[in-house]
>>> print(open('entry.cif').read())   # mmCIF, C-alpha atoms, pLDDT in the B column; chains and numbers go by the auth columns
data_run
loop_
_atom_site.group_PDB
_atom_site.id
_atom_site.type_symbol
_atom_site.label_atom_id
_atom_site.label_comp_id
_atom_site.label_asym_id
_atom_site.label_seq_id
_atom_site.Cartn_x
_atom_site.Cartn_y
_atom_site.Cartn_z
_atom_site.B_iso_or_equiv
_atom_site.auth_seq_id
_atom_site.auth_asym_id
ATOM 1 C CA MET A 1 -14.726 0.395 -25.883 58.00 1 A
ATOM 2 C CA ALA A 2 -12.770 3.657 -25.931 87.00 2 A
ATOM 3 C CA PHE A 3 -13.664 5.419 -22.696 96.00 3 A
ATOM 4 C CA GLN A 4 -13.986 9.181 -22.706 97.00 4 A
ATOM 5 C CA GLY A 5 -13.147 9.490 -19.007 98.00 5 A
ATOM 6 C CA VAL A 6 -11.746 7.427 -16.138 98.00 6 A
ATOM 7 C CA LEU A 7 -12.461 7.812 -12.431 98.00 7 A
ATOM 8 C CA PHE A 8 -10.534 6.175 -9.615 98.00 8 A
ATOM 9 C CA ASP A 9 -10.926 5.307 -5.986 98.00 9 A
ATOM 10 C CA LEU A 10 -7.907 6.498 -3.997 97.00 10 A
ATOM 11 C CA ASP A 11 -6.767 4.184 -1.176 96.00 11 A
ATOM 12 C CA GLY A 12 -5.978 0.726 -2.496 96.00 12 A
ATOM 13 C CA THR A 13 -6.417 1.815 -6.113 98.00 13 A
ATOM 14 C CA LEU A 14 -4.112 4.731 -6.928 98.00 14 A
ATOM 15 C CA LEU A 15 -2.265 4.933 -3.620 98.00 15 A
ATOM 16 C CA ASP A 16 -0.849 2.361 -1.242 97.00 16 A
ATOM 17 C CA THR A 17 -1.742 4.083 2.036 97.00 17 A
ATOM 18 C CA ALA A 18 -1.954 0.995 4.255 96.00 18 A
ATOM 19 C CA LEU A 19 1.277 1.460 6.203 96.00 19 A
ATOM 20 C CA ASP A 20 0.425 5.040 7.178 97.00 20 A
ATOM 21 C CA LEU A 21 -3.169 4.126 8.027 96.00 21 A
ATOM 22 C CA GLY A 22 -2.038 1.098 9.994 96.00 22 A
ATOM 23 C CA ALA A 23 0.527 3.116 11.915 97.00 23 A
ATOM 24 C CA ALA A 24 -2.146 5.683 12.826 97.00 24 A
ATOM 25 C CA ALA A 25 -4.499 2.924 13.953 96.00 25 A
ATOM 26 C CA ASN A 26 -1.766 1.414 16.089 97.00 26 A
ATOM 27 C CA ARG A 27 -0.996 4.733 17.766 97.00 27 A
ATOM 28 C CA ALA A 28 -4.681 5.038 18.658 96.00 28 A
ATOM 29 C CA LEU A 29 -4.923 1.434 19.861 95.00 29 A
ATOM 30 C CA THR A 30 -1.791 1.748 21.967 96.00 30 A
ATOM 31 C CA ARG A 31 -3.073 4.961 23.523 95.00 31 A
ATOM 32 C CA TYR A 32 -6.181 3.139 24.751 93.00 32 A
ATOM 33 C CA GLY A 33 -4.397 -0.059 25.763 93.00 33 A
ATOM 34 C CA TYR A 34 -5.483 -2.354 22.936 93.00 34 A
ATOM 35 C CA PRO A 35 -3.342 -4.804 20.929 92.00 35 A
ATOM 36 C CA VAL A 36 -1.997 -3.408 17.658 94.00 36 A
ATOM 37 C CA LEU A 37 -2.700 -4.432 14.070 94.00 37 A
ATOM 38 C CA SER A 38 -0.275 -6.424 11.982 93.00 38 A
ATOM 39 C CA GLU A 39 0.818 -5.028 8.619 94.00 39 A
ATOM 40 C CA ALA A 40 -1.118 -7.838 6.931 93.00 40 A
ATOM 41 C CA HIS A 41 -4.347 -6.757 8.622 92.00 41 A
ATOM 42 C CA ALA A 42 -3.659 -3.129 7.749 94.00 42 A
ATOM 43 C CA TYR A 43 -3.391 -4.098 4.085 93.00 43 A
ATOM 44 C CA GLN A 44 -6.573 -6.157 4.184 92.00 44 A
ATOM 45 C CA HIS A 45 -8.745 -3.570 5.921 91.00 45 A
ATOM 46 C CA SER A 46 -7.484 -0.120 4.885 91.00 46 A
ATOM 47 C CA SER A 47 -10.144 0.244 2.184 84.00 47 A
ATOM 48 C CA HIS A 48 -12.744 0.204 4.939 87.00 48 A
ATOM 49 C CA GLY A 49 -11.411 3.265 6.702 88.00 49 A
ATOM 50 C CA SER A 50 -10.992 3.853 10.405 91.00 50 A
ATOM 51 C CA ARG A 51 -13.969 1.705 11.320 90.00 51 A
ATOM 52 C CA GLY A 52 -12.689 -1.251 9.301 90.00 52 A
ATOM 53 C CA LEU A 53 -9.189 -0.988 10.758 93.00 53 A
ATOM 54 C CA LEU A 54 -10.368 -0.736 14.356 93.00 54 A
ATOM 55 C CA LYS A 55 -12.910 -3.512 13.906 92.00 55 A
ATOM 56 C CA ALA A 56 -10.168 -5.757 12.525 91.00 56 A
ATOM 57 C CA ALA A 57 -7.987 -4.969 15.541 92.00 57 A
ATOM 58 C CA LEU A 58 -10.656 -5.421 18.200 92.00 58 A
ATOM 59 C CA GLY A 59 -12.612 -8.329 16.737 89.00 59 A
ATOM 60 C CA PRO A 60 -15.737 -9.238 18.781 89.00 60 A
ATOM 61 C CA GLN A 61 -14.737 -6.635 21.361 91.00 61 A
ATOM 62 C CA PHE A 62 -15.400 -3.879 18.811 89.00 62 A
ATOM 63 C CA GLU A 63 -19.166 -3.871 19.440 88.00 63 A
ATOM 64 C CA ARG A 64 -18.565 -3.305 23.174 87.00 64 A
ATOM 65 C CA THR A 65 -16.006 -0.517 22.649 86.00 65 A
ATOM 66 C CA ASP A 66 -16.557 3.244 22.638 87.00 66 A
ATOM 67 C CA PHE A 67 -15.649 3.757 18.989 88.00 67 A
ATOM 68 C CA GLU A 68 -15.621 7.549 18.669 92.00 68 A
ATOM 69 C CA PRO A 69 -12.589 8.366 20.885 94.00 69 A
ATOM 70 C CA LEU A 70 -10.583 5.619 19.161 94.00 70 A
ATOM 71 C CA LYS A 71 -11.636 6.869 15.746 93.00 71 A
ATOM 72 C CA GLN A 72 -10.694 10.464 16.554 94.00 72 A
ATOM 73 C CA ALA A 73 -7.321 9.380 17.923 96.00 73 A
ATOM 74 C CA LEU A 74 -6.676 7.407 14.723 96.00 74 A
ATOM 75 C CA LEU A 75 -7.633 10.313 12.470 95.00 75 A
ATOM 76 C CA ASP A 76 -5.533 12.784 14.460 95.00 76 A
ATOM 77 C CA ALA A 77 -2.538 10.460 14.275 97.00 77 A
ATOM 78 C CA TYR A 78 -3.072 9.941 10.563 97.00 78 A
ATOM 79 C CA LEU A 79 -3.251 13.660 9.808 96.00 79 A
ATOM 80 C CA ASP A 80 0.032 14.136 11.663 96.00 80 A
ATOM 81 C CA ALA A 81 1.779 11.548 9.451 97.00 81 A
ATOM 82 C CA LEU A 82 -0.282 11.495 6.278 96.00 82 A
ATOM 83 C CA CYS A 83 2.308 10.711 3.652 97.00 83 A
ATOM 84 C CA VAL A 84 5.289 8.979 5.242 97.00 84 A
ATOM 85 C CA HIS A 85 5.158 5.609 3.496 97.00 85 A
ATOM 86 C CA THR A 86 2.291 6.313 1.087 97.00 86 A
ATOM 87 C CA ARG A 87 3.190 5.874 -2.578 97.00 87 A
ATOM 88 C CA PRO A 88 1.386 5.356 -5.889 98.00 88 A
ATOM 89 C CA TYR A 89 1.233 1.690 -6.810 98.00 89 A
ATOM 90 C CA ASP A 90 3.775 0.503 -9.348 98.00 90 A
ATOM 91 C CA GLY A 91 2.346 1.202 -12.784 98.00 91 A
ATOM 92 C CA VAL A 92 -0.008 3.989 -11.703 98.00 92 A
ATOM 93 C CA ASP A 93 2.249 6.757 -13.014 97.00 93 A
ATOM 94 C CA THR A 94 2.392 5.039 -16.420 97.00 94 A
ATOM 95 C CA LEU A 95 -1.389 4.610 -16.424 97.00 95 A
ATOM 96 C CA LEU A 96 -1.997 8.279 -15.626 98.00 96 A
ATOM 97 C CA ASP A 97 0.641 9.359 -18.153 97.00 97 A
ATOM 98 C CA GLN A 98 -1.223 7.421 -20.822 96.00 98 A
ATOM 99 C CA LEU A 99 -4.503 9.126 -19.967 97.00 99 A
ATOM 100 C CA ASP A 100 -2.885 12.572 -19.937 97.00 100 A
ATOM 101 C CA ASP A 101 -1.080 11.918 -23.229 96.00 101 A
ATOM 102 C CA ARG A 102 -4.364 10.894 -24.867 95.00 102 A
ATOM 103 C CA ASN A 103 -6.218 13.850 -23.316 96.00 103 A
ATOM 104 C CA VAL A 104 -8.604 11.489 -21.538 96.00 104 A
ATOM 105 C CA PRO A 105 -9.872 13.345 -18.453 98.00 105 A
ATOM 106 C CA TRP A 106 -9.581 11.488 -15.175 98.00 106 A
ATOM 107 C CA GLY A 107 -10.430 12.139 -11.565 98.00 107 A
ATOM 108 C CA ILE A 108 -10.771 10.734 -8.078 98.00 108 A
ATOM 109 C CA VAL A 109 -13.864 9.727 -6.119 98.00 109 A
ATOM 110 C CA THR A 110 -13.015 8.504 -2.630 97.00 110 A
ATOM 111 C CA ASN A 111 -14.821 7.993 0.656 96.00 111 A
ATOM 112 C CA LYS A 112 -11.857 9.537 2.473 95.00 112 A
ATOM 113 C CA PRO A 113 -12.933 12.858 4.054 95.00 113 A
ATOM 114 C CA GLY A 114 -11.783 15.982 2.247 97.00 114 A
ATOM 115 C CA TRP A 115 -9.706 17.272 5.154 97.00 115 A
ATOM 116 C CA LEU A 116 -7.492 14.209 4.654 96.00 116 A
ATOM 117 C CA THR A 117 -7.817 13.826 0.870 97.00 117 A
ATOM 118 C CA ASP A 118 -6.811 17.366 -0.016 97.00 118 A
ATOM 119 C CA PRO A 119 -3.509 17.577 1.904 97.00 119 A
ATOM 120 C CA LEU A 120 -2.584 14.055 0.819 97.00 120 A
ATOM 121 C CA LEU A 121 -3.044 14.898 -2.857 97.00 121 A
ATOM 122 C CA ASP A 122 -1.220 18.202 -2.359 96.00 122 A
ATOM 123 C CA ALA A 123 1.787 16.187 -1.163 96.00 123 A
ATOM 124 C CA LEU A 124 1.828 14.140 -4.380 97.00 124 A
ATOM 125 C CA PRO A 125 2.403 16.402 -7.409 95.00 125 A
ATOM 126 C CA ARG A 126 1.688 13.594 -9.901 95.00 126 A
ATOM 127 C CA PHE A 127 -1.995 13.914 -9.123 97.00 127 A
ATOM 128 C CA ALA A 128 -2.197 17.585 -10.077 97.00 128 A
ATOM 129 C CA SER A 129 -3.660 16.667 -13.491 97.00 129 A
ATOM 130 C CA SER A 130 -6.755 15.138 -11.897 98.00 130 A
ATOM 131 C CA ARG A 131 -9.756 17.048 -13.258 98.00 131 A
ATOM 132 C CA VAL A 132 -11.995 16.406 -10.243 98.00 132 A
ATOM 133 C CA ASN A 133 -11.486 15.225 -6.658 98.00 133 A
ATOM 134 C CA ILE A 134 -14.586 14.220 -4.729 98.00 134 A
ATOM 135 C CA SER A 135 -14.292 13.100 -1.123 98.00 135 A
ATOM 136 C CA GLY A 136 -16.539 11.155 1.205 96.00 136 A
ATOM 137 C CA ASP A 137 -17.907 14.324 2.792 97.00 137 A
ATOM 138 C CA THR A 138 -18.356 16.361 -0.395 98.00 138 A
ATOM 139 C CA PHE A 139 -22.033 15.384 -0.393 98.00 139 A
ATOM 140 C CA GLU A 140 -24.495 14.094 2.177 98.00 140 A
ATOM 141 C CA VAL A 141 -23.971 10.600 0.768 98.00 141 A
ATOM 142 C CA ALA A 142 -20.867 8.624 -0.208 97.00 142 A
ATOM 143 C CA LYS A 143 -20.222 5.413 -2.141 98.00 143 A
ATOM 144 C CA PRO A 144 -21.976 3.029 -2.690 98.00 144 A
ATOM 145 C CA HIS A 145 -24.455 5.817 -3.483 98.00 145 A
ATOM 146 C CA PRO A 146 -23.928 6.901 -7.108 98.00 146 A
ATOM 147 C CA LYS A 147 -24.225 10.648 -6.471 98.00 147 A
ATOM 148 C CA PRO A 148 -20.455 11.280 -6.056 98.00 148 A
ATOM 149 C CA LEU A 149 -19.711 9.412 -9.289 98.00 149 A
ATOM 150 C CA LEU A 150 -22.417 11.239 -11.211 98.00 150 A
ATOM 151 C CA ALA A 151 -21.131 14.585 -9.939 98.00 151 A
ATOM 152 C CA ALA A 152 -17.635 13.626 -11.091 98.00 152 A
ATOM 153 C CA ALA A 153 -18.990 12.743 -14.535 98.00 153 A
ATOM 154 C CA ASP A 154 -20.585 16.195 -14.712 98.00 154 A
ATOM 155 C CA ALA A 155 -17.272 17.785 -13.746 98.00 155 A
ATOM 156 C CA LEU A 156 -15.511 15.875 -16.528 98.00 156 A
ATOM 157 C CA SER A 157 -18.310 16.759 -18.992 98.00 157 A
ATOM 158 C CA VAL A 158 -18.493 13.080 -19.932 98.00 158 A
ATOM 159 C CA ALA A 159 -21.625 10.930 -20.003 98.00 159 A
ATOM 160 C CA PRO A 160 -21.576 8.239 -17.268 98.00 160 A
ATOM 161 C CA GLY A 161 -21.888 5.484 -19.856 97.00 161 A
ATOM 162 C CA GLN A 162 -18.554 6.570 -21.347 98.00 162 A
ATOM 163 C CA ILE A 163 -16.650 6.428 -18.045 98.00 163 A
ATOM 164 C CA LEU A 164 -14.639 3.617 -16.450 98.00 164 A
ATOM 165 C CA TYR A 165 -14.596 3.585 -12.653 98.00 165 A
ATOM 166 C CA VAL A 166 -11.710 1.740 -10.978 98.00 166 A
ATOM 167 C CA GLY A 167 -11.815 0.665 -7.337 98.00 167 A
ATOM 168 C CA ASP A 168 -10.827 -2.106 -4.970 97.00 168 A
ATOM 169 C CA ALA A 169 -14.025 -2.502 -2.909 96.00 169 A
ATOM 170 C CA GLU A 170 -17.464 -3.934 -3.582 97.00 170 A
ATOM 171 C CA ARG A 171 -19.075 -0.572 -2.801 97.00 171 A
ATOM 172 C CA ASP A 172 -17.054 0.927 -5.669 98.00 172 A
ATOM 173 C CA MET A 173 -18.532 -1.513 -8.162 98.00 173 A
ATOM 174 C CA VAL A 174 -22.048 -1.101 -6.741 98.00 174 A
ATOM 175 C CA ALA A 175 -21.704 2.677 -7.110 98.00 175 A
ATOM 176 C CA ALA A 176 -20.381 2.347 -10.674 98.00 176 A
ATOM 177 C CA GLN A 177 -23.252 0.087 -11.656 98.00 177 A
ATOM 178 C CA ALA A 178 -25.813 2.447 -10.118 98.00 178 A
ATOM 179 C CA ALA A 179 -24.230 5.394 -11.950 98.00 179 A
ATOM 180 C CA GLY A 180 -24.320 3.584 -15.294 98.00 180 A
ATOM 181 C CA MET A 181 -20.519 3.368 -15.557 98.00 181 A
ATOM 182 C CA THR A 182 -18.276 0.435 -16.418 98.00 182 A
ATOM 183 C CA GLY A 183 -16.651 -0.933 -13.288 98.00 183 A
ATOM 184 C CA CYS A 184 -13.099 -2.272 -13.015 98.00 184 A
ATOM 185 C CA VAL A 185 -11.943 -4.083 -9.871 98.00 185 A
ATOM 186 C CA ALA A 186 -8.408 -3.166 -8.815 98.00 186 A
ATOM 187 C CA LEU A 187 -7.337 -6.623 -7.690 98.00 187 A
ATOM 188 C CA TRP A 188 -4.009 -5.165 -6.554 97.00 188 A
ATOM 189 C CA GLY A 189 -5.822 -3.285 -3.782 96.00 189 A
ATOM 190 C CA TYR A 190 -6.873 -4.003 -0.226 95.00 190 A
ATOM 191 C CA LEU A 191 -8.907 -7.174 -0.601 93.00 191 A
ATOM 192 C CA ARG A 192 -9.830 -9.225 2.470 90.00 192 A
ATOM 193 C CA PRO A 193 -9.810 -13.036 2.495 90.00 193 A
ATOM 194 C CA GLU A 194 -13.611 -13.055 2.610 92.00 194 A
ATOM 195 C CA ASP A 195 -13.999 -10.734 -0.394 95.00 195 A
ATOM 196 C CA ARG A 196 -15.357 -12.287 -3.585 97.00 196 A
ATOM 197 C CA PRO A 197 -14.504 -9.782 -6.349 97.00 197 A
ATOM 198 C CA SER A 198 -15.576 -12.248 -9.034 97.00 198 A
ATOM 199 C CA GLN A 199 -19.119 -11.777 -7.736 97.00 199 A
ATOM 200 C CA TRP A 200 -19.074 -7.979 -7.693 98.00 200 A
ATOM 201 C CA PRO A 201 -21.008 -6.139 -10.436 98.00 201 A
ATOM 202 C CA ALA A 202 -17.957 -5.267 -12.545 97.00 202 A
ATOM 203 C CA GLN A 203 -17.145 -5.682 -16.214 97.00 203 A
ATOM 204 C CA TRP A 204 -13.360 -5.637 -15.815 97.00 204 A
ATOM 205 C CA ARG A 205 -10.987 -7.100 -13.232 98.00 205 A
ATOM 206 C CA CYS A 206 -7.280 -6.247 -13.420 98.00 206 A
ATOM 207 C CA ALA A 207 -4.475 -7.739 -11.359 98.00 207 A
ATOM 208 C CA HIS A 208 -2.032 -4.838 -11.858 98.00 208 A
ATOM 209 C CA PRO A 209 -2.157 -1.231 -13.100 98.00 209 A
ATOM 210 C CA ASP A 210 -0.096 -2.327 -16.108 97.00 210 A
ATOM 211 C CA GLU A 211 -2.889 -4.693 -17.134 97.00 211 A
ATOM 212 C CA LEU A 212 -5.379 -1.844 -17.012 97.00 212 A
ATOM 213 C CA THR A 213 -3.017 0.348 -19.047 96.00 213 A
ATOM 214 C CA GLN A 214 -2.824 -2.364 -21.716 96.00 214 A
ATOM 215 C CA LYS A 215 -6.585 -2.837 -21.834 95.00 215 A
ATOM 216 C CA LEU A 216 -7.121 0.905 -22.252 94.00 216 A
ATOM 217 C CA GLU A 217 -4.484 1.017 -24.999 88.00 217 A
ATOM 218 C CA VAL A 218 -6.392 -1.467 -27.127 74.00 218 A
ATOM 219 C CA GLY A 219 -9.774 0.030 -26.210 65.00 219 A
ATOM 220 C CA GLU A 220 -11.359 -3.266 -25.260 50.00 220 A
#
>>> encode(input="entry.cif", output="structure tokens")
Amino acid sequence: MAFQGVLFDLDGTLLDTALDLGAAANRALTRYGYPVLSEAHAYQHSSHGSRGLLKAALGPQFERTDFEPLKQALLDAYLDALCVHTRPYDGVDTLLDQLDDRNVPWGIVTNKPGWLTDPLLDALPRFASSRVNISGDTFEVAKPHPKPLLAAADALSVAPGQILYVGDAERDMVAAQAAGMTGCVALWGYLRPEDRPSQWPAQWRCAHPDELTQKLEVGE
């Protein structure tokens, strides 16, 4: 199938943000006297935002912890150091170049709040050709609800059935299915040991951005 548009999740799909997110989580944890996260845990849980990172760090203690001050400390620390180690995954630039060269519109739908998404994307000029950027607080609902994806399709002026949505979390594939889009699991992203991407409602699963680039080239 030749897609007329492609939408992407951000963290764990286009960008490797785990080291910056993990560092922010660790500054918050240290401030409140908790043990810090390992890099491995940061990579496994970054797709699940501040809650996922702090829950991974605190384990069973999480349910007995006042979450909001920890969360705010994490977000403040992250905003202060938003793009220190963050980089596009290897192969992402080539993938986006291919879409731009073929005049296939693409955009971003993330659950990251806009006050973090916007300055992060501003720091990365390669993403200036994105036609639409929708954040987790753009609407009253976020993924896995399909509304953000459907709004992005409207912005691209492409029917949902002609769009590929790429993400590294189950909620991404649930949202794509609900929106009537083809889902592609970014297996290079932030998967946890307990995740079962083979069971998610996706049509494609790619181990590397280069694999996705090749599949789009042949229009499978």
>>> closest_residue(input="entry.cif", among="A:Pro35, A:Pro148, A:Pro197, A:Gly52", to="Glu170 (chain A)", atoms="only C-alpha atoms")
A:Pro197
>>> residues_around(input="entry.cif", residues="Asp195 (chain A)", least_positions_apart="6", cutoff="12 Å", atoms="all atoms listed in the file", output="ChimeraX atom specification")
/A:44-45,47,168-171,185,187,189
>>> residues_around(input="entry.cif", residues="Asn133 (chain A)", least_positions_apart="6", cutoff="9 Å", atoms="all atoms listed in the file", output="short mmCIF file (atom, residue, chain, number, x, y, z; two decimals) with C-alpha atoms, in the coordinates of the input")
data_model
loop_
_atom_site.label_atom_id
_atom_site.label_comp_id
_atom_site.auth_asym_id
_atom_site.auth_seq_id
_atom_site.Cartn_x
_atom_site.Cartn_y
_atom_site.Cartn_z
CA GLY A 107 -10.43 12.14 -11.56
CA ILE A 108 -10.77 10.73 -8.08
CA VAL A 109 -13.86 9.73 -6.12
CA THR A 110 -13.02 8.50 -2.63
CA GLY A 114 -11.78 15.98 2.25
CA THR A 117 -7.82 13.83 0.87
CA ASP A 118 -6.81 17.37 -0.02
CA ALA A 152 -17.64 13.63 -11.09
#
>>> resolve_selection(input="entry.cif", expression="the PyMOL selection byres ((chain A and resi 69-71) around 12)", output="count of residues only")
33
>>> atom_distance(input="entry.cif", atom1="CA of Leu96 (chain A)", atom2="CA of Ala23 (chain A)")
28.1 Å
>>> resolve_selection(input="entry.cif", expression="the PyMOL selection byres ((chain A and resi 126) around 10)", output="list of chain:residue names")
A:Pro88, A:Val92, A:Asp93, A:Leu96, A:Asp97, A:Leu121, A:Asp122, A:Ala123, A:Leu124, A:Pro125, A:Phe127, A:Ala128, A:Ser129, A:Ser130
>>> resolve_selection(input="entry.cif", expression="the PyMOL selection byres ((chain A and resi 6) around 7)", output="JSON list (two decimals) with C-alpha atoms, in the frame of the given file")
[["chain", "number", "residue", "atom", "x", "y", "z"],
["A", 5, "GLY", "CA", -13.15, 9.49, -19.01],
["A", 7, "LEU", "CA", -12.46, 7.81, -12.43],
["A", 8, "PHE", "CA", -10.53, 6.18, -9.62],
["A", 105, "PRO", "CA", -9.87, 13.34, -18.45],
["A", 106, "TRP", "CA", -9.58, 11.49, -15.18],
["A", 107, "GLY", "CA", -10.43, 12.14, -11.56],
["A", 163, "ILE", "CA", -16.65, 6.43, -18.05],
["A", 164, "LEU", "CA", -14.64, 3.62, -16.45],
["A", 165, "TYR", "CA", -14.60, 3.58, -12.65]]
>>> axis_aligned_box(input="entry.cif", around="region 39-42 of chain A", padding_each_side="6 Å", output="JSON")
{"center_x": -1.8, "center_y": -5.5, "center_z": 7.8, "size_x": 17.2, "size_y": 16.7, "size_z": 13.7}
>>> closest_residue(input="entry.cif", among="A:Glu217, A:Leu19, A:Trp200, A:Leu37", to="Arg102 (chain A)", atoms="only C-alpha atoms")
A:Glu217
>>> atom_distance(input="entry.cif", atom1="CA of His48 (chain A)", atom2="CA of Lys143 (chain A)")
11.5 Å
>>> closest_residue(input="entry.cif", among="A:Ala153, A:Leu15, A:Met173, A:Leu191", to="Trp204 (chain A)", atoms="only C-alpha atoms")
A:Met173
>>> closest_residue(input="entry.cif", among="A:Gly59, A:Pro119, A:Gly12, A:Pro113", to="Thr138 (chain A)", atoms="only C-alpha atoms")
A:Pro113
>>> closest_residue(input="entry.cif", among="A:Ser46, A:Ser198, A:Thr17, A:Gln214", to="Thr86 (chain A)", atoms="all atoms listed in the file")
A:Thr17
>>> atom_distance(input="entry.cif", atom1="CA of Ala202 (chain A)", atom2="CA of Gln177 (chain A)")
7.6 Å
>>> residues_around(input="entry.cif", residues="Ala207 (chain A)", least_positions_apart="2", cutoff="10 Å", atoms="all atoms listed in the file", output="VMD selection string")
chain A and resid 185 to 189 205 209 to 212
>>> residues_near_point(input="entry.cif", point="(-2.9, 10.4, 2.9)", cutoff="6 Å", atoms="all atoms listed in the file", output="list in words")
Leu82, Cys83 and Leu120 of chain A
